[in-house]
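Engineer: My file is start.pdb. It has PDB, C-alpha atoms:
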```pdb
ATOM      1  CA  MET A   1       8.404   0.111  35.734
ATOM      2  CA  SER A   2       5.488   2.482  36.396
ATOM      3  CA  GLN A   3       6.456   4.512  33.307
ATOM      4  CA  ARG A   4       6.377   1.318  31.309
ATOM      5  CA  LEU A   5       2.932   0.557  32.632
ATOM      6  CA  VAL A   6       1.735   4.034  31.654
ATOM      7  CA  ASN A   7       3.125   3.555  28.155
ATOM      8  CA  TRP A   8       1.405   0.223  27.897
ATOM      9  CA  PHE A   9      -1.917   1.761  28.832
ATOM     10  CA  LYS A  10      -1.363   4.547  26.325
ATOM     11  CA  TYR A  11      -0.715   1.938  23.658
ATOM     12  CA  ALA A  12      -3.783  -0.046  24.643
ATOM     13  CA  LYS A  13      -5.834   3.150  24.546
ATOM     14  CA  TYR A  14      -4.773   3.963  21.010
ATOM     15  CA  ALA A  15      -5.226   0.328  20.062
ATOM     16  CA  SER A  16      -8.929   0.598  20.856
ATOM     17  CA  PRO A  17     -10.873   1.397  17.692
ATOM     18  CA  ALA A  18     -12.749   4.358  19.194
ATOM     19  CA  THR A  19      -9.590   6.345  19.999
ATOM     20  CA  PHE A  20      -7.636   5.186  16.991
ATOM     21  CA  TYR A  21     -10.442   6.319  14.687
ATOM     22  CA  GLY A  22      -9.972   9.951  15.678
ATOM     23  CA  LEU A  23      -6.178   9.783  15.645
ATOM     24  CA  ALA A  24      -6.146   8.251  12.156
ATOM     25  CA  GLY A  25      -8.557  10.910  10.919
ATOM     26  CA  ARG A  26      -6.214  13.670  12.060
ATOM     27  CA  LEU A  27      -3.138  12.016  10.487
ATOM     28  CA  ILE A  28      -4.593  11.266   7.027
ATOM     29  CA  PRO A  29      -4.484  14.826   5.546
ATOM     30  CA  TRP A  30      -0.806  15.235   6.489
ATOM     31  CA  PHE A  31       0.206  11.993   4.830
ATOM     32  CA  ALA A  32      -1.965  12.666   1.766
ATOM     33  CA  VAL A  33      -0.467  16.127   1.187
ATOM     34  CA  GLY A  34       3.026  14.867   2.005
ATOM     35  CA  SER A  35       2.607  12.099  -0.550
ATOM     36  CA  LEU A  36       1.603  14.555  -3.303
ATOM     37  CA  VAL A  37       4.569  16.823  -2.542
ATOM     38  CA  LEU A  38       7.011  13.903  -2.447
ATOM     39  CA  PHE A  39       5.657  12.423  -5.701
ATOM     40  CA  GLY A  40       6.139  15.842  -7.292
ATOM     41  CA  ILE A  41       9.742  16.142  -6.085
ATOM     42  CA  GLY A  42      10.583  12.508  -6.890
ATOM     43  CA  LEU A  43       9.197  12.659 -10.425
ATOM     44  CA  TYR A  44      10.926  15.984 -11.017
ATOM     45  CA  ILE A  45      14.276  14.487 -10.009
ATOM     46  CA  GLY A  46      13.541  11.315 -11.983
ATOM     47  CA  PHE A  47      12.629  13.022 -15.245
ATOM     48  CA  PHE A  48      14.356  16.400 -15.207
ATOM     49  CA  VAL A  49      17.426  16.146 -12.971
ATOM     50  CA  ALA A  50      18.622  12.551 -13.362
ATOM     51  CA  PRO A  51      20.670  12.179 -16.555
ATOM     52  CA  THR A  52      20.139   9.619 -19.317
ATOM     53  CA  ASP A  53      21.607   6.206 -18.515
ATOM     54  CA  PHE A  54      24.601   5.396 -20.686
ATOM     55  CA  GLN A  55      23.514   1.768 -21.185
ATOM     56  CA  GLN A  56      19.716   1.779 -21.137
ATOM     57  CA  GLY A  57      18.990   5.265 -22.450
ATOM     58  CA  GLU A  58      15.679   6.645 -21.162
ATOM     59  CA  ALA A  59      14.142   3.212 -20.499
ATOM     60  CA  TYR A  60      15.837   3.115 -17.089
ATOM     61  CA  ARG A  61      13.496   5.887 -15.844
ATOM     62  CA  ILE A  62      10.978   3.127 -15.083
ATOM     63  CA  ILE A  63      13.196   2.457 -12.049
ATOM     64  CA  PHE A  64      11.653   5.418 -10.162
ATOM     65  CA  ILE A  65       8.338   3.605  -9.898
ATOM     66  CA  HIS A  66       9.445  -0.034 -10.287
ATOM     67  CA  VAL A  67      11.830  -0.273  -7.330
ATOM     68  CA  PRO A  68       9.679   1.733  -4.852
ATOM     69  CA  ALA A  69       6.623  -0.355  -5.808
ATOM     70  CA  ALA A  70       8.570  -3.612  -5.402
ATOM     71  CA  TRP A  71       9.906  -2.544  -1.984
ATOM     72  CA  MET A  72       6.442  -1.467  -0.877
ATOM     73  CA  SER A  73       4.971  -4.790  -1.965
ATOM     74  CA  MET A  74       7.364  -6.616   0.398
ATOM     75  CA  PHE A  75       7.273  -4.101   3.298
ATOM     76  CA  LEU A  76       3.494  -4.000   3.300
ATOM     77  CA  TYR A  77       3.253  -7.784   3.267
ATOM     78  CA  LEU A  78       5.514  -8.053   6.312
ATOM     79  CA  LEU A  79       3.550  -5.300   8.072
ATOM     80  CA  MET A  80       0.308  -7.128   7.292
ATOM     81  CA  ALA A  81       1.761 -10.381   8.657
ATOM     82  CA  VAL A  82       2.926  -8.621  11.847
ATOM     83  CA  TYR A  83      -0.544  -7.150  12.455
ATOM     84  CA  ALA A  84      -2.099 -10.526  11.697
ATOM     85  CA  ALA A  85       0.238 -12.204  14.211
ATOM     86  CA  LEU A  86      -0.496  -9.557  16.887
ATOM     87  CA  GLY A  87      -4.185 -10.182  16.337
ATOM     88  CA  LEU A  88      -3.727 -13.934  16.803
ATOM     89  CA  ILE A  89      -1.552 -13.558  19.921
ATOM     90  CA  PHE A  90      -3.292 -10.718  21.787
ATOM     91  CA  ASN A  91      -6.746 -11.099  20.236
ATOM     92  CA  THR A  92      -7.038  -7.343  19.692
ATOM     93  CA  ARG A  93      -9.787  -6.124  17.381
ATOM     94  CA  LEU A  94      -7.730  -3.436  15.704
ATOM     95  CA  SER A  95      -4.909  -5.729  14.512
ATOM     96  CA  GLY A  96      -7.149  -7.758  12.241
ATOM     97  CA  MET A  97      -8.681  -4.592  10.823
ATOM     98  CA  MET A  98      -5.214  -3.188  10.089
ATOM     99  CA  ALA A  99      -4.154  -6.382   8.309
ATOM    100  CA  GLN A 100      -7.335  -6.249   6.246
ATOM    101  CA  ALA A 101      -6.753  -2.560   5.452
ATOM    102  CA  ILE A 102      -3.178  -3.149   4.267
ATOM    103  CA  ALA A 103      -3.882  -6.059   1.887
ATOM    104  CA  PRO A 104      -5.462  -4.212  -1.093
ATOM    105  CA  THR A 105      -2.751  -1.539  -1.134
ATOM    106  CA  GLY A 106      -0.063  -4.216  -0.912
ATOM    107  CA  ALA A 107      -1.643  -6.095  -3.805
ATOM    108  CA  LEU A 108      -1.766  -2.851  -5.784
ATOM    109  CA  PHE A 109       1.948  -2.167  -5.339
ATOM    110  CA  THR A 110       2.748  -5.793  -6.209
ATOM    111  CA  PHE A 111       0.813  -5.432  -9.453
ATOM    112  CA  ILE A 112       2.579  -2.133 -10.254
ATOM    113  CA  ALA A 113       5.969  -3.770  -9.627
ATOM    114  CA  LEU A 114       5.094  -6.658 -11.980
ATOM    115  CA  TRP A 115       3.569  -4.388 -14.624
ATOM    116  CA  SER A 116       6.403  -1.839 -14.696
ATOM    117  CA  GLY A 117       8.888  -4.728 -14.586
ATOM    118  CA  ALA A 118       7.300  -6.297 -17.671
ATOM    119  CA  LEU A 119       7.421  -2.983 -19.528
ATOM    120  CA  TRP A 120      11.048  -2.565 -18.491
ATOM    121  CA  GLY A 121      11.968  -6.129 -19.415
ATOM    122  CA  ARG A 122      10.744  -5.824 -22.983
ATOM    123  CA  PRO A 123      13.255  -3.164 -24.147
ATOM    124  CA  THR A 124      16.160  -4.341 -21.962
ATOM    125  CA  TRP A 125      15.833  -8.156 -21.901
ATOM    126  CA  GLY A 126      13.753  -8.567 -25.052
ATOM    127  CA  THR A 127      10.842 -10.161 -23.190
ATOM    128  CA  TYR A 128       7.937  -9.061 -21.009
ATOM    129  CA  TRP A 129       8.116 -12.105 -18.812
ATOM    130  CA  VAL A 130      10.427 -14.973 -17.838
ATOM    131  CA  TRP A 131       9.816 -17.618 -15.199
ATOM    132  CA  ASP A 132      12.902 -16.719 -13.242
ATOM    133  CA  ALA A 133      13.062 -16.816  -9.447
ATOM    134  CA  ARG A 134      12.608 -13.095  -8.805
ATOM    135  CA  LEU A 135       9.640 -12.645 -11.132
ATOM    136  CA  THR A 136       7.951 -15.888 -10.134
ATOM    137  CA  SER A 137       8.243 -15.246  -6.378
ATOM    138  CA  GLU A 138       6.870 -11.705  -6.853
ATOM    139  CA  LEU A 139       3.927 -13.188  -8.778
ATOM    140  CA  ILE A 140       3.367 -15.597  -5.876
ATOM    141  CA  LEU A 141       3.293 -12.546  -3.580
ATOM    142  CA  LEU A 142       0.419 -11.139  -5.650
ATOM    143  CA  PHE A 143      -1.426 -14.467  -5.314
ATOM    144  CA  LEU A 144      -0.842 -14.414  -1.538
ATOM    145  CA  TYR A 145      -2.388 -10.946  -1.273
ATOM    146  CA  VAL A 146      -5.322 -11.940  -3.476
ATOM    147  CA  GLY A 147      -5.727 -15.212  -1.538
ATOM    148  CA  PHE A 148      -5.748 -13.311   1.767
ATOM    149  CA  ILE A 149      -8.409 -10.887   0.505
ATOM    150  CA  ALA A 150     -10.552 -13.665  -0.981
ATOM    151  CA  LEU A 151     -10.287 -15.852   2.122
ATOM    152  CA  GLN A 152     -11.362 -13.012   4.403
ATOM    153  CA  ALA A 153     -14.213 -12.069   2.079
ATOM    154  CA  SER A 154     -15.496 -15.660   2.095
ATOM    155  CA  ILE A 155     -15.925 -15.868   5.891
ATOM    156  CA  GLU A 156     -18.957 -14.098   7.312
ATOM    157  CA  ASP A 157     -17.797 -13.572  10.919
ATOM    158  CA  PRO A 158     -15.044 -10.906  10.855
ATOM    159  CA  ARG A 159     -13.177 -12.254  13.880
ATOM    160  CA  ARG A 160     -13.011 -15.735  12.351
ATOM    161  CA  ALA A 161     -12.041 -14.219   9.005
ATOM    162  CA  ASP A 162      -9.191 -12.404  10.798
ATOM    163  CA  LYS A 163      -7.922 -15.653  12.302
ATOM    164  CA  ALA A 164      -8.029 -17.609   9.036
ATOM    165  CA  GLY A 165      -6.440 -14.730   7.132
ATOM    166  CA  ALA A 166      -3.755 -14.372   9.801
ATOM    167  CA  VAL A 167      -2.599 -17.966   9.350
ATOM    168  CA  LEU A 168      -2.322 -17.457   5.587
ATOM    169  CA  ALA A 169      -0.508 -14.120   6.012
ATOM    170  CA  ILE A 170       2.010 -15.533   8.509
ATOM    171  CA  VAL A 171       2.800 -18.683   6.519
ATOM    172  CA  GLY A 172       3.087 -16.643   3.326
ATOM    173  CA  ALA A 173       5.648 -14.309   4.919
ATOM    174  CA  ILE A 174       8.318 -16.904   4.119
ATOM    175  CA  ASN A 175       7.968 -15.759   0.496
ATOM    176  CA  VAL A 176       9.312 -12.265   1.246
ATOM    177  CA  PRO A 177      12.930 -13.262   2.018
ATOM    178  CA  ILE A 178      12.701 -15.634  -0.955
ATOM    179  CA  ILE A 179      11.860 -12.668  -3.214
ATOM    180  CA  TYR A 180      14.577 -10.515  -1.701
ATOM    181  CA  PHE A 181      17.389 -13.067  -1.881
ATOM    182  CA  SER A 182      16.217 -14.806  -5.065
ATOM    183  CA  VAL A 183      18.732 -12.873  -7.174
ATOM    184  CA  GLN A 184      21.570 -14.238  -5.017
ATOM    185  CA  TRP A 185      20.296 -17.775  -4.463
ATOM    186  CA  TRP A 186      19.431 -18.546  -8.060
ATOM    187  CA  ASN A 187      20.775 -17.644 -11.453
ATOM    188  CA  THR A 188      18.265 -15.036 -12.512
ATOM    189  CA  LEU A 189      17.802 -12.745 -15.460
ATOM    190  CA  HIS A 190      16.812 -10.068 -12.944
ATOM    191  CA  GLN A 191      19.789  -8.042 -11.773
ATOM    192  CA  GLY A 192      20.962  -7.921  -8.170
ATOM    193  CA  ALA A 193      20.267  -5.042  -5.794
ATOM    194  CA  SER A 194      21.638  -1.677  -6.925
ATOM    195  CA  VAL A 195      21.085  -0.181  -3.492
ATOM    196  CA  SER A 196      21.825  -1.984  -0.241
ATOM    197  CA  LEU A 197      22.625  -1.090   3.350
ATOM    198  CA  THR A 198      26.014  -2.792   3.383
ATOM    199  CA  ARG A 199      27.762  -1.136   0.439
ATOM    200  CA  ALA A 200      27.727   2.007  -1.659
ATOM    201  CA  PRO A 201      25.001   2.068  -4.332
ATOM    202  CA  SER A 202      26.054   1.059  -7.840
ATOM    203  CA  MET A 203      24.027   3.951  -9.269
ATOM    204  CA  ALA A 204      24.586   7.670  -9.740
ATOM    205  CA  THR A 205      23.755   9.615  -6.565
ATOM    206  CA  VAL A 206      21.021  11.689  -8.192
ATOM    207  CA  MET A 207      19.293   8.521  -9.462
ATOM    208  CA  VAL A 208      19.390   7.017  -5.972
ATOM    209  CA  ALA A 209      18.062  10.292  -4.534
ATOM    210  CA  GLY A 210      15.091  10.274  -6.932
ATOM    211  CA  MET A 211      14.356   6.663  -6.072
ATOM    212  CA  ILE A 212      14.495   7.271  -2.310
ATOM    213  CA  VAL A 213      12.139  10.258  -2.576
ATOM    214  CA  MET A 214       9.729   8.079  -4.566
ATOM    215  CA  VAL A 215       9.933   5.391  -1.853
ATOM    216  CA  PHE A 216       8.897   7.967   0.757
ATOM    217  CA  ALA A 217       6.124   9.217  -1.537
ATOM    218  CA  CYS A 218       4.794   5.642  -1.806
ATOM    219  CA  TRP A 219       5.017   5.186   1.972
ATOM    220  CA  PHE A 220       3.058   8.388   2.617
ATOM    221  CA  TYR A 221       0.468   7.335   0.037
ATOM    222  CA  ALA A 222       0.174   3.865   1.573
ATOM    223  CA  ILE A 223      -0.177   5.245   5.113
ATOM    224  CA  ALA A 224      -2.888   7.721   4.052
ATOM    225  CA  VAL A 225      -4.850   5.082   2.140
ATOM    226  CA  VAL A 226      -4.473   2.336   4.751
ATOM    227  CA  LEU A 227      -5.585   4.658   7.558
ATOM    228  CA  SER A 228      -8.585   5.758   5.466
ATOM    229  CA  ARG A 229      -9.490   2.147   4.760
ATOM    230  CA  VAL A 230      -9.123   1.047   8.367
ATOM    231  CA  ARG A 231     -11.517   3.835   9.380
ATOM    232  CA  VAL A 232     -14.098   2.555   6.898
ATOM    233  CA  ILE A 233     -13.599  -1.021   8.139
ATOM    234  CA  MET A 234     -14.106   0.201  11.725
ATOM    235  CA  LEU A 235     -17.427   1.814  10.821
ATOM    236  CA  GLU A 236     -18.531  -1.303   8.933
ATOM    237  CA  ARG A 237     -17.606  -3.735  11.688
ATOM    238  CA  GLU A 238     -18.606  -1.701  14.714
ATOM    239  CA  ARG A 239     -21.734  -0.065  13.325
ATOM    240  CA  GLY A 240     -23.824  -1.101  16.338
ATOM    241  CA  THR A 241     -21.523   0.372  18.986
ATOM    242  CA  ALA A 242     -21.908   3.538  21.025
ATOM    243  CA  TRP A 243     -18.679   5.147  19.802
ATOM    244  CA  VAL A 244     -19.753   4.939  16.162
ATOM    245  CA  ALA A 245     -23.082   6.572  17.058
ATOM    246  CA  LYS A 246     -21.170   9.310  18.869
ATOM    247  CA  GLN A 247     -18.908   9.908  15.880
ATOM    248  CA  LEU A 248     -21.990  10.191  13.667
ATOM    249  CA  GLU A 249     -23.669  12.648  15.999
ATOM    250  CA  ALA A 250     -20.570  14.808  16.079
ATOM    251  CA  GLY A 251     -20.561  14.686  12.279
ATOM    252  CA  ARG A 252     -17.041  13.333  12.258
ATOM    253  CA  ALA A 253     -17.726  10.038  10.494
TER     254      ALA A 253
ATOM    255  CA  MET B   1      17.390  19.683 -18.160
ATOM    256  CA  ASN B   2      17.143  16.603 -20.360
ATOM    257  CA  TRP B   3      14.467  17.471 -22.901
ATOM    258  CA  GLY B   4      14.694  19.991 -25.696
ATOM    259  CA  SER B   5      10.987  19.815 -26.549
ATOM    260  CA  LEU B   6       7.690  18.287 -25.496
ATOM    261  CA  GLU B   7       7.985  15.742 -28.332
ATOM    262  CA  GLY B   8      11.368  14.699 -27.011
ATOM    263  CA  PHE B   9       9.942  14.353 -23.519
ATOM    264  CA  LEU B  10       7.053  12.204 -24.707
ATOM    265  CA  ALA B  11       9.264  10.078 -26.973
ATOM    266  CA  MET B  12      11.625   9.155 -24.081
ATOM    267  CA  GLY B  13      14.370   8.318 -26.545
ATOM    268  CA  GLY B  14      12.142   5.776 -28.284
ATOM    269  CA  TYR B  15      11.040   4.115 -25.024
ATOM    270  CA  GLY B  16       7.946   6.294 -24.555
ATOM    271  CA  LEU B  17       5.505   3.387 -24.688
ATOM    272  CA  TYR B  18       7.338   1.496 -21.926
ATOM    273  CA  VAL B  19       8.099   4.456 -19.662
ATOM    274  CA  TRP B  20       4.689   6.145 -19.965
ATOM    275  CA  GLY B  21       2.921   2.780 -19.921
ATOM    276  CA  SER B  22       4.423   2.164 -16.473
ATOM    277  CA  TYR B  23       3.598   5.569 -15.031
ATOM    278  CA  ALA B  24       0.129   5.853 -16.603
ATOM    279  CA  VAL B  25      -1.023   2.507 -15.211
ATOM    280  CA  THR B  26       0.400   3.410 -11.791
ATOM    281  CA  LEU B  27      -1.459   6.728 -11.762
ATOM    282  CA  LEU B  28      -4.661   5.080 -12.964
ATOM    283  CA  LEU B  29      -4.539   2.365 -10.281
ATOM    284  CA  LEU B  30      -3.795   4.795  -7.453
ATOM    285  CA  ALA B  31      -6.691   7.020  -8.599
ATOM    286  CA  VAL B  32      -9.033   4.008  -8.806
ATOM    287  CA  GLU B  33      -8.030   2.901  -5.298
ATOM    288  CA  VAL B  34      -8.711   6.352  -3.809
ATOM    289  CA  LEU B  35     -12.071   6.752  -5.600
ATOM    290  CA  TRP B  36     -13.116   3.214  -4.687
ATOM    291  CA  LEU B  37     -12.325   3.872  -1.044
ATOM    292  CA  ARG B  38     -14.285   7.122  -1.136
ATOM    293  CA  GLY B  39     -17.309   5.261  -2.521
ATOM    294  CA  ARG B  40     -17.042   2.570   0.165
ATOM    295  CA  ARG B  41     -16.890   5.263   2.839
ATOM    296  CA  ARG B  42     -19.940   7.103   1.467
ATOM    297  CA  THR B  43     -21.928   3.850   1.391
ATOM    298  CA  ILE B  44     -21.269   2.961   5.036
ATOM    299  CA  VAL B  45     -21.792   6.540   6.287
ATOM    300  CA  LYS B  46     -25.124   6.700   4.446
ATOM    301  CA  ARG B  47     -26.180   3.318   5.833
ATOM    302  CA  LEU B  48     -25.217   4.363   9.361
ATOM    303  CA  GLY B  49     -27.242   7.563   9.001
ATOM    304  CA  LEU B  50     -30.248   5.536   7.867
ATOM    305  CA  MET B  51     -29.877   3.121  10.789
ATOM    306  CA  ARG B  52     -29.766   6.006  13.241
ATOM    307  CA  HIS B  53     -32.790   7.620  11.654
ATOM    308  CA  LEU B  54     -34.803   4.383  11.851
ATOM    309  CA  SER B  55     -33.844   3.612  15.451
ATOM    310  CA  ALA B  56     -34.726   7.195  16.474
ATOM    311  CA  ARG B  57     -38.146   6.827  14.827
ATOM    312  CA  ASN B  58     -38.734   3.453  16.484
ATOM    313  CA  ALA B  59     -37.901   4.882  19.900
ATOM    314  CA  HIS B  60     -40.277   7.757  19.268
ATOM    315  CA  GLU B  61     -43.152   5.459  18.247
ATOM    316  CA  THR B  62     -42.655   3.218  21.279
ATOM    317  CA  GLN B  63     -42.927   6.223  23.547
ATOM    318  CA  ALA B  64     -46.122   7.484  21.932
TER     319      ALA B  64
END
```
I'd like the structure from this file rewritten - as structure tokens, please.
Structural biologist:
Amino acid sequence: MSQRLVNWFKYAKYASPATFYGLAGRLIPWFAVGSLVLFGIGLYIGFFVAPTDFQQGEAYRIIFIHVPAAWMSMFLYLLMAVYAALGLIFNTRLSGMMAQAIAPTGALFTFIALWSGALWGRPTWGTYWVWDARLTSELILLFLYVGFIALQASIEDPRRADKAGAVLAIVGAINVPIIYFSVQWWNTLHQGASVSLTRAPSMATVMVAGMIVMVFACWFYAIAVVLSRVRVIMLERERGTAWVAKQLEAGRA
Amino acid sequence: MNWGSLEGFLAMGGYGLYVWGSYAVTLLLLAVEVLWLRGRRRTIVKRLGLMRHLSARNAHETQA
């Protein structure tokens, strides 16, 4: 019990912006460098090790950015919704800032998933776009991100903006399982999952390996960028506080 | 090794436009996000420095 209490206090300590600011600053370089290395390895596997696909030729190589971006778009949305919910429940300052820091990067990956999907659809399906369930629900995800960002930007008081944004983020989370299961629930042009936890992948091992490395590269990138953005948001929101002044004096801001 | 030459690599078996179009836009967007964030950071750090400078001067004048 006492150990639990200690852990809780540790958590609360790191959840305070002043402490988290320093921690995030120390973590960013590691994730940034890690992301570059992983992108290098992933792209090398994707373009130089993975063989040509017997059905799609070289067009399939879009998979190494398309699938990681699509996964990130859903993961990041759920993460944003969780932070938003924590902010609503516990009324912690940091949660709302984290949700706000995640949104632009999530929107970015959603756009990349849609864009690379369109460029993949043209040579394989003969069209850039169809209004099928998978594509439409992913487009809705982009609108949810953009709506979240716009709603927060339109409310002056950051704490109220956090609350309004949180409601949107939480309600919108219902769209994520819809995206994921859309290929099973509806008749879609989009293929089903090639990689899942419950059965062996329906792809060559080296292709899966390249894709997984690219997923980690995207995660490292997202963590580095989100931590950098949350630090900027902290400075912007807490500019009048003593800890920000102290950071400035120490030249660490 | 899949590619005999640079031309072959760029052509991507005739799908060059689609494959490179995907990766180029991804790279561009990630670069824009990082640079944008850097600009936002510089702006707030500069503004904070200015605020500190002004409040220090005010305190000094009040004392004098």
Engineer: Once the PyMOL selection byres ((chain A and resi 213-230) around 8) has been evaluated on this model, what residues remain selected, and can you format them as number ranges by chain?
Structural biologist: A: 24-25, 27-29, 31-32, 34-39, 41-43, 64-65, 68-69, 71-72, 97-98, 100-102, 105, 209-212, 231-234; B: 34, 37
Engineer: Evaluate the ChimeraX specification (/A :<7) & /B here and jot the selected residues down as a list of chain:residue names.
Structural biologist: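 Applied to this file, the ChimeraX specification (/A :<7) & /B selects B:Met1, B:Asn2, B:Met12, B:Gly13, B:Tyr15, B:Tyr18, B:Val19, B:Ser22, B:Thr26, B:Leu37, B:Arg41, B:Ile44, B:Val45, B:Leu48.
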Engineer: Expressed in Å to a single decimal, how great is the separation between atom CA of Leu139 of chain A and atom CA of Trp36 of chain B?
Structural biologist: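 Distance between the two atoms: 24.0 Å.
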Engineer: Near segment 175-184 of chain A, within 6 Å and counting all atoms listed in the file, which residues show up once chain neighbours fewer than 4 positions away are dropped, as a list in words?
Structural biologist: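 Contacts, with the query itself left out: Ala133, Arg134, Ser137, Thr188 and Gly192 of chain A.
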Engineer: Quote the spacing between atom CA of Gly165 of chain A and atom CA of Leu35 of chain B in Å to one decimal place.
Structural biologist: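 Between atom CA of Gly165 of chain A and atom CA of Leu35 of chain B the gap is 25.6 Å.
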Engineer: If the PyMOL selection byres ((chain A and resi 87) around 10) were run on this exact file, what residues would it hold? Put them as number ranges by chain.
Structural biologist: A: 81-86, 88-99, 159, 162-163, 166
Engineer: Interatomic distance between atom CA of Ala103 of chain A and atom CA of Met80 of chain A?
Structural biologist: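 Straight-line distance from atom CA of Ala103 of chain A to atom CA of Met80 of chain A works out to 6.9 Å.
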